[in-house]
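Worksheet for the structure shown next.
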Amino acid sequence: MIFTALTLATFLSSTYAKSNACLKCSNSCAILPPDTQKFPCYQGEPKNANFCLNTDPLLPDGVVAQCGTCETFGYTHYIQNDPIYKNMQLWSHGKNFNSTKPVTEAPKVQLEVYFEALCPGCQDFTTGALKDVLALDDIRQITDFKIVPYGNTKYDASTDTFSCQHGVDECTSDAYELCTLYKLSGDINSIGSGNTAYAAWPFILCMEEAEGNPVEAENCFKSSMAGSGLEWDIISTCYKEEYNAVQTAGMNATPSHDFVPWVIVDGRVLEYPNASLLASICKAYTGTPPASCSTKEVKEYKWTNCDKN
């Protein structure tokens, strides 16, 4: 599916009915498909399962969330962890199950984005090429994604303070986004690992489309992160009480760079990511190219000296 008319955040918040069924579970929640031969059972901790239940566009109509594991409901074979919702396990009734969510046949492409919230060039990229690419389901399935909102922020050790290139508002918005990456897992190391990047992306995109204005943060969060298991108060409290901690994590996760957005695909810096992001991911993938890689522009794209190792 390709989404061009709607933003991903709007798509996620409007297409699926919100449910808190999994949040009623104590240990594990299973998402059961209507067609057990075609679709797998999903299994995860209640918060992760509830977010998947509300936002995964590949879930079929008619799924039912139940407390317990997939094995509780007769699913005997573990397939793999979901390529996008990495904390969710996929289970089947038999070894020969053919899931509509394919097992990745080659190493995933590593996509890293380092940016700052009020940077106009960053906003052009995140609301343009990056938004378009992350709306392609088949590209998401072959891509590991990390995004760090820190950019050119500077740390003054003598005063233990951070200053941002575009002022205090940028520091505030960066911190809200860093807190979201952190609190989705409860582990501050998620800021550097990227394991919550896909889950946090709807909020980050909404903020970028609002030009990074921190005044819009609460509305963006509530409209884009419903079903995530997080409340805005958690992010607001993180900003107030753990500001330096998340900024430090952002600083440690951000490599040396010449400009922002600093976009890396499998270790290669893209000089012009707006023009080359999709093609770069497709060229870097060593497996069978997904359908979205079949365009003329992608096929004709060649690495240039502008894309630096």
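Residues are named by chain letter and number: chains run A, B, ... in the order of the structure tokens, numbers start at 1 in each chain, and ligands are numbered from 1 in the order shown.
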
With only C-alpha atoms counted and 12 Å as the cut-off, give the residues of region 53-82 of chain A in contact with region 184-199 of chain A, each with its shortest interatomic distance in Å and the pair that gives it, as a tab-separated table.
residue	atom	partner	partner_atom	distance
A:Asn54	CA	A:Ala199	CA	11.4
A:Thr55	CA	A:Ala199	CA	9.0
A:Asp56	CA	A:Ala199	CA	10.1

Taking all heavy atoms for each residue, export the selection above as a PDB file, in the first residue's frame.
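Heads up, here's the output in out_6.pdb:
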ATOM      1  N   ASN A  54      -3.521  -1.416  17.282  1.00  0.00           N
ATOM      2  CA  ASN A  54      -4.140  -0.171  16.837  1.00  0.00           C
ATOM      3  C   ASN A  54      -3.468   0.464  15.630  1.00  0.00           C
ATOM      4  O   ASN A  54      -4.041   1.372  15.022  1.00  0.00           O
ATOM      5  CB  ASN A  54      -4.155   0.840  17.993  1.00  0.00           C
ATOM      6  CG  ASN A  54      -5.225   0.539  19.006  1.00  0.00           C
ATOM      7  OD1 ASN A  54      -6.411   0.600  18.704  1.00  0.00           O
ATOM      8  ND2 ASN A  54      -4.831   0.188  20.222  1.00  0.00           N
ATOM      9  N   THR A  55      -2.254   0.026  15.297  1.00  0.00           N
ATOM     10  CA  THR A  55      -1.510   0.772  14.278  1.00  0.00           C
ATOM     11  C   THR A  55      -0.982  -0.050  13.113  1.00  0.00           C
ATOM     12  O   THR A  55      -0.584   0.524  12.102  1.00  0.00           O
ATOM     13  CB  THR A  55      -0.306   1.510  14.905  1.00  0.00           C
ATOM     14  OG1 THR A  55       0.587   0.559  15.481  1.00  0.00           O
ATOM     15  CG2 THR A  55      -0.764   2.494  15.965  1.00  0.00           C
ATOM     16  N   ASP A  56      -0.930  -1.387  13.231  1.00  0.00           N
ATOM     17  CA  ASP A  56      -0.338  -2.190  12.165  1.00  0.00           C
ATOM     18  C   ASP A  56      -1.287  -2.269  10.970  1.00  0.00           C
ATOM     19  O   ASP A  56      -2.353  -2.891  11.061  1.00  0.00           O
ATOM     20  CB  ASP A  56      -0.026  -3.589  12.678  1.00  0.00           C
ATOM     21  CG  ASP A  56       0.785  -4.407  11.673  1.00  0.00           C
ATOM     22  OD1 ASP A  56       0.884  -3.976  10.506  1.00  0.00           O
ATOM     23  OD2 ASP A  56       1.327  -5.453  12.053  1.00  0.00           O
TER      24      ASP A  56
END

DSSP strand (DSSP E) residues within region 32-209 of chain A, as a VMD selection string: chain A and resid 32 41 to 44 64 to 67 77 to 81 89 to 92 109 to 115 143 to 149 154 to 156 161 to 163

From a DSSP pass on the backbone, collect the residues of region 185-277 of chain A flagged as alpha helix (DSSP H) and hand them back as an mmCIF file with N, CA, C and O atoms, in the first residue's frame.
data_model
loop_
_atom_site.group_PDB
_atom_site.id
_atom_site.type_symbol
_atom_site.label_atom_id
_atom_site.label_comp_id
_atom_site.auth_asym_id
_atom_site.auth_seq_id
_atom_site.Cartn_x
_atom_site.Cartn_y
_atom_site.Cartn_z
ATOM 1 N N SER A 190 17.046 2.990 24.211
ATOM 2 C CA SER A 190 16.292 2.934 22.953
ATOM 3 C C SER A 190 16.566 4.142 22.073
ATOM 4 O O SER A 190 16.422 4.068 20.847
ATOM 5 N N ILE A 191 16.964 5.265 22.671
ATOM 6 C CA ILE A 191 17.301 6.455 21.885
ATOM 7 C C ILE A 191 18.460 6.152 20.943
ATOM 8 O O ILE A 191 18.462 6.586 19.788
ATOM 9 N N GLY A 192 19.416 5.382 21.409
ATOM 10 C CA GLY A 192 20.568 5.049 20.591
ATOM 11 C C GLY A 192 20.407 3.785 19.767
ATOM 12 O O GLY A 192 21.002 3.660 18.698
ATOM 13 N N SER A 193 19.589 2.845 20.241
ATOM 14 C CA SER A 193 19.454 1.566 19.534
ATOM 15 C C SER A 193 18.488 1.638 18.363
ATOM 16 O O SER A 193 18.604 0.888 17.394
ATOM 17 N N ALA A 197 12.010 3.406 17.168
ATOM 18 C CA ALA A 197 11.919 4.478 16.171
ATOM 19 C C ALA A 197 10.645 4.390 15.340
ATOM 20 O O ALA A 197 9.967 5.399 15.109
ATOM 21 N N TYR A 198 10.306 3.195 14.864
ATOM 22 C CA TYR A 198 9.080 3.057 14.072
ATOM 23 C C TYR A 198 7.855 3.434 14.907
ATOM 24 O O TYR A 198 6.930 4.081 14.414
ATOM 25 N N ALA A 199 7.840 3.001 16.148
ATOM 26 C CA ALA A 199 6.683 3.284 17.009
ATOM 27 C C ALA A 199 6.553 4.769 17.305
ATOM 28 O O ALA A 199 5.438 5.293 17.432
ATOM 29 N N ALA A 200 7.677 5.475 17.430
ATOM 30 C CA ALA A 200 7.657 6.908 17.741
ATOM 31 C C ALA A 200 7.463 7.768 16.499
ATOM 32 O O ALA A 200 7.152 8.969 16.620
ATOM 33 N N TRP A 201 7.639 7.183 15.322
ATOM 34 C CA TRP A 201 7.621 7.961 14.095
ATOM 35 C C TRP A 201 6.343 8.778 13.883
ATOM 36 O O TRP A 201 6.432 9.945 13.455
ATOM 37 N N PRO A 202 5.136 8.258 14.145
ATOM 38 C CA PRO A 202 3.949 9.095 13.935
ATOM 39 C C PRO A 202 3.991 10.409 14.707
ATOM 40 O O PRO A 202 3.591 11.452 14.185
ATOM 41 N N PHE A 203 4.497 10.376 15.939
ATOM 42 C CA PHE A 203 4.607 11.602 16.738
ATOM 43 C C PHE A 203 5.669 12.530 16.162
ATOM 44 O O PHE A 203 5.442 13.743 16.014
ATOM 45 N N ILE A 204 6.823 11.972 15.807
ATOM 46 C CA ILE A 204 7.896 12.796 15.254
ATOM 47 C C ILE A 204 7.442 13.441 13.947
ATOM 48 O O ILE A 204 7.688 14.632 13.709
ATOM 49 N N LEU A 205 6.760 12.682 13.109
ATOM 50 C CA LEU A 205 6.272 13.244 11.845
ATOM 51 C C LEU A 205 5.275 14.362 12.095
ATOM 52 O O LEU A 205 5.345 15.419 11.441
ATOM 53 N N CYS A 206 4.363 14.165 13.014
ATOM 54 C CA CYS A 206 3.392 15.218 13.332
ATOM 55 C C CYS A 206 4.100 16.486 13.792
ATOM 56 O O CYS A 206 3.740 17.596 13.381
ATOM 57 N N MET A 207 5.118 16.339 14.621
ATOM 58 C CA MET A 207 5.871 17.501 15.094
ATOM 59 C C MET A 207 6.605 18.196 13.937
ATOM 60 O O MET A 207 6.658 19.430 13.872
ATOM 61 N N GLU A 208 7.161 17.416 13.029
ATOM 62 C CA GLU A 208 7.857 17.997 11.888
ATOM 63 C C GLU A 208 6.884 18.740 10.972
ATOM 64 O O GLU A 208 7.201 19.807 10.440
ATOM 65 N N GLU A 209 5.690 18.187 10.802
ATOM 66 C CA GLU A 209 4.686 18.869 9.987
ATOM 67 C C GLU A 209 4.154 20.119 10.674
ATOM 68 O O GLU A 209 3.625 21.013 10.009
ATOM 69 N N ALA A 217 3.054 19.982 20.688
ATOM 70 C CA ALA A 217 3.502 18.649 21.080
ATOM 71 C C ALA A 217 2.389 17.812 21.708
ATOM 72 O O ALA A 217 2.205 16.638 21.356
ATOM 73 N N GLU A 218 1.653 18.379 22.631
ATOM 74 C CA GLU A 218 0.608 17.601 23.304
ATOM 75 C C GLU A 218 -0.461 17.148 22.323
ATOM 76 O O GLU A 218 -0.873 15.976 22.327
ATOM 77 N N ASN A 219 -0.919 18.057 21.454
ATOM 78 C CA ASN A 219 -1.925 17.677 20.466
ATOM 79 C C ASN A 219 -1.387 16.620 19.509
ATOM 80 O O ASN A 219 -2.087 15.662 19.144
ATOM 81 N N CYS A 220 -0.135 16.796 19.077
ATOM 82 C CA CYS A 220 0.475 15.817 18.179
ATOM 83 C C CYS A 220 0.538 14.447 18.846
ATOM 84 O O CYS A 220 0.215 13.422 18.231
ATOM 85 N N PHE A 221 0.945 14.438 20.089
ATOM 86 C CA PHE A 221 1.090 13.164 20.785
ATOM 87 C C PHE A 221 -0.262 12.468 20.926
ATOM 88 O O PHE A 221 -0.398 11.276 20.634
ATOM 89 N N LYS A 222 -1.258 13.203 21.345
ATOM 90 C CA LYS A 222 -2.569 12.596 21.583
ATOM 91 C C LYS A 222 -3.214 12.120 20.286
ATOM 92 O O LYS A 222 -3.951 11.125 20.283
ATOM 93 N N SER A 223 -2.952 12.806 19.179
ATOM 94 C CA SER A 223 -3.576 12.421 17.911
ATOM 95 C C SER A 223 -2.831 11.290 17.213
ATOM 96 O O SER A 223 -3.426 10.528 16.448
ATOM 97 N N SER A 224 -1.537 11.147 17.479
ATOM 98 C CA SER A 224 -0.740 10.174 16.731
ATOM 99 C C SER A 224 -0.341 8.943 17.527
ATOM 100 O O SER A 224 0.037 7.925 16.933
ATOM 101 N N TRP A 232 0.329 11.362 27.578
ATOM 102 C CA TRP A 232 1.121 12.578 27.428
ATOM 103 C C TRP A 232 1.790 12.970 28.737
ATOM 104 O O TRP A 232 2.916 13.475 28.739
ATOM 105 N N ASP A 233 1.140 12.740 29.860
ATOM 106 C CA ASP A 233 1.716 13.104 31.160
ATOM 107 C C ASP A 233 3.073 12.435 31.381
ATOM 108 O O ASP A 233 3.956 13.009 32.026
ATOM 109 N N ILE A 234 3.238 11.226 30.850
ATOM 110 C CA ILE A 234 4.520 10.531 30.994
ATOM 111 C C ILE A 234 5.616 11.273 30.237
ATOM 112 O O ILE A 234 6.741 11.433 30.730
ATOM 113 N N ILE A 235 5.283 11.756 29.045
ATOM 114 C CA ILE A 235 6.264 12.488 28.240
ATOM 115 C C ILE A 235 6.548 13.854 28.862
ATOM 116 O O ILE A 235 7.706 14.287 28.936
ATOM 117 N N SER A 236 5.500 14.518 29.327
ATOM 118 C CA SER A 236 5.671 15.822 29.968
ATOM 119 C C SER A 236 6.528 15.715 31.221
ATOM 120 O O SER A 236 7.405 16.556 31.472
ATOM 121 N N THR A 237 6.288 14.677 32.008
ATOM 122 C CA THR A 237 7.082 14.474 33.220
ATOM 123 C C THR A 237 8.523 14.138 32.875
ATOM 124 O O THR A 237 9.463 14.614 33.538
ATOM 125 N N CYS A 238 8.714 13.342 31.861
ATOM 126 C CA CYS A 238 10.074 13.034 31.402
ATOM 127 C C CYS A 238 10.804 14.318 31.018
ATOM 128 O O CYS A 238 11.973 14.510 31.384
ATOM 129 N N TYR A 239 10.121 15.177 30.280
ATOM 130 C CA TYR A 239 10.745 16.447 29.873
ATOM 131 C C TYR A 239 11.164 17.270 31.097
ATOM 132 O O TYR A 239 12.259 17.847 31.134
ATOM 133 N N LYS A 240 10.306 17.313 32.105
ATOM 134 C CA LYS A 240 10.583 18.129 33.292
ATOM 135 C C LYS A 240 11.655 17.520 34.194
ATOM 136 O O LYS A 240 12.472 18.239 34.778
ATOM 137 N N GLU A 241 11.648 16.193 34.297
ATOM 138 C CA GLU A 241 12.491 15.553 35.305
ATOM 139 C C GLU A 241 13.716 14.841 34.724
ATOM 140 O O GLU A 241 14.669 14.564 35.466
ATOM 141 N N TYR A 243 15.202 15.750 31.530
ATOM 142 C CA TYR A 243 15.625 16.514 30.354
ATOM 143 C C TYR A 243 17.101 16.281 30.038
ATOM 144 O O TYR A 243 17.463 15.932 28.902
ATOM 145 N N ASN A 244 17.968 16.478 31.021
ATOM 146 C CA ASN A 244 19.398 16.312 30.769
ATOM 147 C C ASN A 244 19.749 14.876 30.403
ATOM 148 O O ASN A 244 20.642 14.635 29.584
ATOM 149 N N ALA A 245 19.038 13.931 30.986
ATOM 150 C CA ALA A 245 19.327 12.523 30.703
ATOM 151 C C ALA A 245 19.016 12.184 29.249
ATOM 152 O O ALA A 245 19.812 11.510 28.573
ATOM 153 N N VAL A 246 17.877 12.654 28.741
ATOM 154 C CA VAL A 246 17.533 12.314 27.356
ATOM 155 C C VAL A 246 18.394 13.093 26.368
ATOM 156 O O VAL A 246 18.766 12.571 25.309
ATOM 157 N N GLN A 247 18.722 14.346 26.699
ATOM 158 C CA GLN A 247 19.611 15.094 25.814
ATOM 159 C C GLN A 247 20.995 14.450 25.775
ATOM 160 O O GLN A 247 21.634 14.384 24.706
ATOM 161 N N THR A 248 21.457 13.959 26.910
ATOM 162 C CA THR A 248 22.754 13.271 26.948
ATOM 163 C C THR A 248 22.713 12.001 26.102
ATOM 164 O O THR A 248 23.652 11.693 25.354
ATOM 165 N N ALA A 249 21.603 11.268 26.187
ATOM 166 C CA ALA A 249 21.459 10.063 25.365
ATOM 167 C C ALA A 249 21.438 10.418 23.883
ATOM 168 O O ALA A 249 22.017 9.704 23.053
ATOM 169 N N GLY A 250 20.764 11.528 23.540
ATOM 170 C CA GLY A 250 20.760 11.991 22.154
ATOM 171 C C GLY A 250 22.140 12.389 21.688
ATOM 172 O O GLY A 250 22.540 12.084 20.546
ATOM 173 N N MET A 251 22.875 13.068 22.543
ATOM 174 C CA MET A 251 24.242 13.474 22.213
ATOM 175 C C MET A 251 25.128 12.249 21.972
ATOM 176 O O MET A 251 25.868 12.181 20.984
ATOM 177 N N ASN A 252 25.018 11.260 22.845
ATOM 178 C CA ASN A 252 25.851 10.062 22.725
ATOM 179 C C ASN A 252 25.478 9.225 21.500
ATOM 180 O O ASN A 252 26.317 8.499 20.973
ATOM 181 N N ALA A 253 24.231 9.330 21.068
ATOM 182 C CA ALA A 253 23.770 8.540 19.922
ATOM 183 C C ALA A 253 24.064 9.213 18.589
ATOM 184 O O ALA A 253 23.946 8.575 17.538
ATOM 185 N N PRO A 273 19.651 13.396 0.391
ATOM 186 C CA PRO A 273 18.707 12.333 0.756
ATOM 187 C C PRO A 273 17.303 12.522 0.203
ATOM 188 O O PRO A 273 16.593 11.542 -0.012
ATOM 189 N N ASN A 274 16.892 13.759 -0.048
ATOM 190 C CA ASN A 274 15.552 13.964 -0.606
ATOM 191 C C ASN A 274 15.414 13.286 -1.965
ATOM 192 O O ASN A 274 14.339 12.797 -2.317
ATOM 193 N N ALA A 275 16.490 13.260 -2.718
ATOM 194 C CA ALA A 275 16.435 12.699 -4.063
ATOM 195 C C ALA A 275 16.812 11.224 -4.112
ATOM 196 O O ALA A 275 16.422 10.520 -5.045
ATOM 197 N N SER A 276 17.557 10.754 -3.102
ATOM 198 C CA SER A 276 18.156 9.428 -3.249
ATOM 199 C C SER A 276 17.766 8.423 -2.180
ATOM 200 O O SER A 276 18.258 7.285 -2.199
ATOM 201 N N LEU A 277 16.879 8.760 -1.244
ATOM 202 C CA LEU A 277 16.627 7.869 -0.118
ATOM 203 C C LEU A 277 16.085 6.514 -0.550
ATOM 204 O O LEU A 277 16.647 5.469 -0.210
#

For Thr143 (chain A), the nearest of the candidates A:Trp91, A:Asn50, A:Pro33, A:Ile84, counting only C-alpha atoms: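 That would be A:Ile84, the residue with the smallest distance to Thr143 (chain A).
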
Long-range neighbours of Asn48 (chain A) as a PyMOL selection string, 10 Å cut-off, only C-alpha atoms, 5 positions minimum in chain: chain A and resi 22-23+28-29+43+53+85-88+184-185+199+227-229

Output file for the selection above: N, CA, C and O atoms, as a PDB file, in the first residue's frame:
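Written output follows (result.pdb):
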ATOM      1  N   CYS A  22      -5.740  -5.037  24.969  1.00  0.00           N
ATOM      2  CA  CYS A  22      -4.538  -5.692  25.480  1.00  0.00           C
ATOM      3  C   CYS A  22      -4.058  -5.096  26.801  1.00  0.00           C
ATOM      4  O   CYS A  22      -3.364  -5.763  27.573  1.00  0.00           O
ATOM      5  N   LEU A  23      -4.416  -3.856  27.052  1.00  0.00           N
ATOM      6  CA  LEU A  23      -3.959  -3.205  28.277  1.00  0.00           C
ATOM      7  C   LEU A  23      -4.639  -3.795  29.510  1.00  0.00           C
ATOM      8  O   LEU A  23      -4.206  -3.540  30.633  1.00  0.00           O
ATOM      9  N   SER A  28       0.735 -11.084  29.063  1.00  0.00           N
ATOM     10  CA  SER A  28       0.886 -11.225  27.620  1.00  0.00           C
ATOM     11  C   SER A  28      -0.472 -11.083  26.950  1.00  0.00           C
ATOM     12  O   SER A  28      -1.505 -11.405  27.539  1.00  0.00           O
ATOM     13  N   CYS A  29      -0.442 -10.597  25.697  1.00  0.00           N
ATOM     14  CA  CYS A  29      -1.666 -10.448  24.923  1.00  0.00           C
ATOM     15  C   CYS A  29      -1.455 -11.086  23.556  1.00  0.00           C
ATOM     16  O   CYS A  29      -0.404 -10.894  22.922  1.00  0.00           O
ATOM     17  N   GLN A  43       1.909 -12.060  19.373  1.00  0.00           N
ATOM     18  CA  GLN A  43       2.027 -12.195  20.827  1.00  0.00           C
ATOM     19  C   GLN A  43       3.047 -11.204  21.353  1.00  0.00           C
ATOM     20  O   GLN A  43       4.128 -11.055  20.785  1.00  0.00           O
ATOM     21  N   LEU A  53      -1.910  -3.624  17.775  1.00  0.00           N
ATOM     22  CA  LEU A  53      -3.324  -3.823  17.467  1.00  0.00           C
ATOM     23  C   LEU A  53      -3.948  -2.586  16.833  1.00  0.00           C
ATOM     24  O   LEU A  53      -4.777  -2.675  15.936  1.00  0.00           O
ATOM     25  N   TYR A  85       7.221  -4.446  14.101  1.00  0.00           N
ATOM     26  CA  TYR A  85       6.916  -4.407  15.533  1.00  0.00           C
ATOM     27  C   TYR A  85       7.795  -5.455  16.211  1.00  0.00           C
ATOM     28  O   TYR A  85       7.379  -6.572  16.485  1.00  0.00           O
ATOM     29  N   LYS A  86       9.023  -5.087  16.473  1.00  0.00           N
ATOM     30  CA  LYS A  86      10.050  -6.060  16.804  1.00  0.00           C
ATOM     31  C   LYS A  86       9.819  -6.766  18.135  1.00  0.00           C
ATOM     32  O   LYS A  86      10.385  -7.832  18.381  1.00  0.00           O
ATOM     33  N   ASN A  87       8.992  -6.186  19.004  1.00  0.00           N
ATOM     34  CA  ASN A  87       8.696  -6.817  20.279  1.00  0.00           C
ATOM     35  C   ASN A  87       7.527  -7.786  20.197  1.00  0.00           C
ATOM     36  O   ASN A  87       7.126  -8.355  21.215  1.00  0.00           O
ATOM     37  N   MET A  88       6.974  -7.958  19.004  1.00  0.00           N
ATOM     38  CA  MET A  88       5.843  -8.850  18.801  1.00  0.00           C
ATOM     39  C   MET A  88       6.294 -10.139  18.107  1.00  0.00           C
ATOM     40  O   MET A  88       6.951 -10.099  17.066  1.00  0.00           O
ATOM     41  N   LEU A 184       8.649   4.643  25.261  1.00  0.00           N
ATOM     42  CA  LEU A 184       7.955   3.552  24.576  1.00  0.00           C
ATOM     43  C   LEU A 184       8.473   2.189  25.031  1.00  0.00           C
ATOM     44  O   LEU A 184       7.726   1.205  25.045  1.00  0.00           O
ATOM     45  N   SER A 185       9.734   2.122  25.406  1.00  0.00           N
ATOM     46  CA  SER A 185      10.298   0.865  25.898  1.00  0.00           C
ATOM     47  C   SER A 185      10.578   0.896  27.387  1.00  0.00           C
ATOM     48  O   SER A 185      10.707  -0.152  28.025  1.00  0.00           O
ATOM     49  N   ALA A 199       7.840   3.001  16.148  1.00  0.00           N
ATOM     50  CA  ALA A 199       6.683   3.284  17.009  1.00  0.00           C
ATOM     51  C   ALA A 199       6.553   4.769  17.305  1.00  0.00           C
ATOM     52  O   ALA A 199       5.438   5.293  17.432  1.00  0.00           O
ATOM     53  N   GLY A 227      -3.264   4.445  21.657  1.00  0.00           N
ATOM     54  CA  GLY A 227      -3.060   3.006  21.555  1.00  0.00           C
ATOM     55  C   GLY A 227      -1.639   2.568  21.834  1.00  0.00           C
ATOM     56  O   GLY A 227      -1.355   1.376  21.864  1.00  0.00           O
ATOM     57  N   SER A 228      -0.733   3.504  22.060  1.00  0.00           N
ATOM     58  CA  SER A 228       0.658   3.149  22.324  1.00  0.00           C
ATOM     59  C   SER A 228       0.886   2.689  23.752  1.00  0.00           C
ATOM     60  O   SER A 228       1.926   2.124  24.074  1.00  0.00           O
ATOM     61  N   GLY A 229      -0.104   2.946  24.620  1.00  0.00           N
ATOM     62  CA  GLY A 229       0.063   2.631  26.032  1.00  0.00           C
ATOM     63  C   GLY A 229       0.707   3.750  26.813  1.00  0.00           C
ATOM     64  O   GLY A 229       0.821   3.670  28.042  1.00  0.00           O
TER      65      GLY A 229
END

Contacts of region 264-271 of chain A within 12 Å, only C-alpha atoms, excl. fewer than 5 positions in-chain, as a ChimeraX atom specification: /A:107-115,125,143-147,254-259,276-286,303-309

Among listed residues A:Cys52, A:Val133, A:Ala117, A:Ala157, nearest Ser173 (chain A) (using only C-alpha atoms):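 Selected residue with least distance to Ser173 (chain A): A:Ala117.
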
Distance of CA of Met225 (chain A) from CA of Lys38 (chain A), expressed in Å to one decimal place: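 These atoms are spaced 28.8 Å apart.
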
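Proximity ranking of A:Val64, A:Ile31, A:Leu58, A:Val263 relative to Asp138 (chain A) places A:Leu58 first, based on only C-alpha atoms.
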
For Lys24 (chain A): contacts at 12 Å, only C-alpha atoms, fewer than 2 positions along chain excluded, given as a ChimeraX atom specification: /A:19-22,26-30,45-47,49-50,65-68,229

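CA of Gly62 (chain A) sits 8.7 Å away from CA of Leu32 (chain A).
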